[in-house]
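For reference, the structure discussed in these notes is given below.
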Amino acid sequence: MARVRKLVGIRRKRNGWQAFIWIEGKFYSKQFPIETPLSEMHAWREQALVRHSGEIRPVVRGGFEEDVRRYLAKPDIAAQKYIAQRAKYLDLWVAALGRERARRTIVRDEVEAVLQEWLRAGFAPATVYHRRSALLALFVRLDGKHVSNPVYGTTCPPHWRPIDRSVPFATLQLILAAMPNDRIDGAGIRQPSLAKLRVAVLMYTGMPPSELMKLQRHHFDREMAQLKMPWREKGQGRPAYTLPLSRAAVAALIALDVAQGWGAFPTEMVGRSFKRAARRVLGDDTTVKLYDLRHSFGAEAYRQTRDLATVGRLLGHVEGSKVTAQYARGAHAEVDRAAVDAMEVARAAAKPAEFLARPIPPLPAKTCPPRKLLKMRKIGVGS
């Protein structure tokens, strides 16, 4: 009988995996889906060890990990806005390909195998695209743009594909109603479900969960029915702005305020609660997820306003952002049909112009012969 190797710091929990570490008696953990590759969970444990204990793993001279550190330490690379995210992607490659091996020993088939493993694990093509781009940038910078490297020729997933993720508002209401109203805290006291209250706020405001985590009570102006949204760093960034609120959004925020639900919260727990309710309403094979609330809000805004600029302002996008069009895709069919119907009504009601209403004069009884015939008659040909 084959001996099963015990996983260190990784165990099964509920319907997935839990990676965990102990640092000076404190427990840190993260939940992963069941299809997550082991390399990603091991990478999280190593990053958590460095983050929580300050432990620095010794770097092997001449190894792949040393090349990554040297690349990230270059002044122009370190000054980039999203260098922390790129460092995380490269850490995943180091964990998957090997820390101590020389960079020049990495071959194309190994890179392709890791990419396919991530795609089979269910990661979004855009996520795999950014991870591949991080590794490609490393090789191009260290070896040169015109030098062959193992990333060239591998699968390049589409980094962005606009799709309609909107859900009808009536369906969202059913999903919200299917979520539990109460929760029981550690003392056995029944409290309002913060997950349901937060989902209601997301549904009526269209903000992403990461923006809701930044809000505090002083950002909410109940009398003016508006939110003072803080600076947003995603994409090109967006300065602080004021978000107008509907009456339903005001009621959802008041309920959140009463339950003291401001501040940071585990988005994955809210997402799982929303997903369970969606399965009860739509079946186990539904693809509806928490972020679809934002897509649905954008589609409804475009359906009512017919204006992408307004949709972008309500969603907190930078002015002229190309991403705004993705959130309006859910209303394209209805908006296009309304435009065609409006054109038909306008054309049917249009009156002919004044010059078209005048009677057309009759043609003269004798028309002038062609110029060529006149010239031939002048010289005595054909007369």
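By convention here, the chains of the structure tokens are called A, B, ... in the order presented, each chain's residues are numbered starting at 1, and ligands are numbered starting at 1 in the order presented.
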Taking 2 positions as the minimum chain separation for residues in the same chain, which residues sit within 10 Å of range 296-311 of chain A when counting only C-alpha atoms? Answer as a ChimeraX atom specification. /A:164-169,172,202-207,291-294,313-322,324-336,338-339
Write down as a ChimeraX atom specification the residues of range 113-352 of chain A whose backbone DSSP state falls under alpha helix (DSSP H). /A:113-120,125-143,169-178,194-205,209-212,247-258,267-282,292-305,308-315,324-327,332-349
Strand (DSSP E) call set, DSSP backbone run, range 204-378 of chain A, as number ranges by chain: A: 220-221, 226-229, 241-244
Applying 10 Å and only C-alpha atoms, which residues near Leu90 in chain A remain after dropping the ones on its own chain fewer than 5 positions away? List them as a ChimeraX atom specification. /A:65,68-69,72,84-85,95-96,131-135,138
Could the residues in this selection be saved with C-alpha atoms as a compact mmCIF listing (two decimals), in the first residue's frame?
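Here's the written file out.txt:
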```txt
# COMPACT_ATOMS: atom_id res chain seq x y z
CA GLU A 65 14.70 33.38 -6.23
CA VAL A 68 13.57 37.67 -8.71
CA ARG A 69 14.89 39.68 -5.75
CA LEU A 72 12.38 43.67 -7.95
CA ALA A 84 3.54 44.56 -4.62
CA GLN A 85 1.11 42.65 -6.83
CA ALA A 95 7.20 28.32 -5.56
CA ALA A 96 6.03 26.48 -8.69
CA ARG A 131 0.87 36.06 -13.74
CA ARG A 132 2.36 35.13 -17.12
CA SER A 133 3.06 38.80 -17.89
CA ALA A 134 4.98 39.17 -14.61
CA LEU A 135 7.27 36.24 -15.49
CA LEU A 138 11.32 39.37 -15.56
```
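Residue nearest Met41 in chain A within the list A:Ile23, A:Val107, A:Val281, A:Val8: A:Val8 [criterion: smallest interatomic distance, only C-alpha atoms].
Nearest residue to Glu40 in chain A, choosing from A:Tyr129, A:Phe265, A:Trp93, A:Tyr71 and counting only C-alpha atoms: A:Trp93.
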List as an MDAnalysis selection string the protein and nucleic acid residues near Gln191 in chain A, meaning an atom at most 9 Å away when only C-alpha atoms are counted, but skip any in the same chain fewer than 2 places from it. chainID A and resid 181:185 189 193:194 259
Mind dumping the selected residues with C-alpha atoms as a PDB file, in the first residue's frame?
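Output file again.pdb is given in full below:
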```pdb
ATOM      1  CA  ASN A 181     -31.619  37.237   8.727  1.00  0.00           C
ATOM      2  CA  ASP A 182     -29.756  36.450  11.948  1.00  0.00           C
ATOM      3  CA  ARG A 183     -26.471  35.098  13.208  1.00  0.00           C
ATOM      4  CA  ILE A 184     -25.468  33.740  16.617  1.00  0.00           C
ATOM      5  CA  ASP A 185     -22.299  35.220  18.109  1.00  0.00           C
ATOM      6  CA  ILE A 189     -26.789  35.898  21.389  1.00  0.00           C
ATOM      7  CA  SER A 193     -26.723  38.992   9.835  1.00  0.00           C
ATOM      8  CA  LEU A 194     -23.983  41.408   8.774  1.00  0.00           C
ATOM      9  CA  ALA A 259     -25.756  46.845  13.408  1.00  0.00           C
TER      10      ALA A 259
END
```
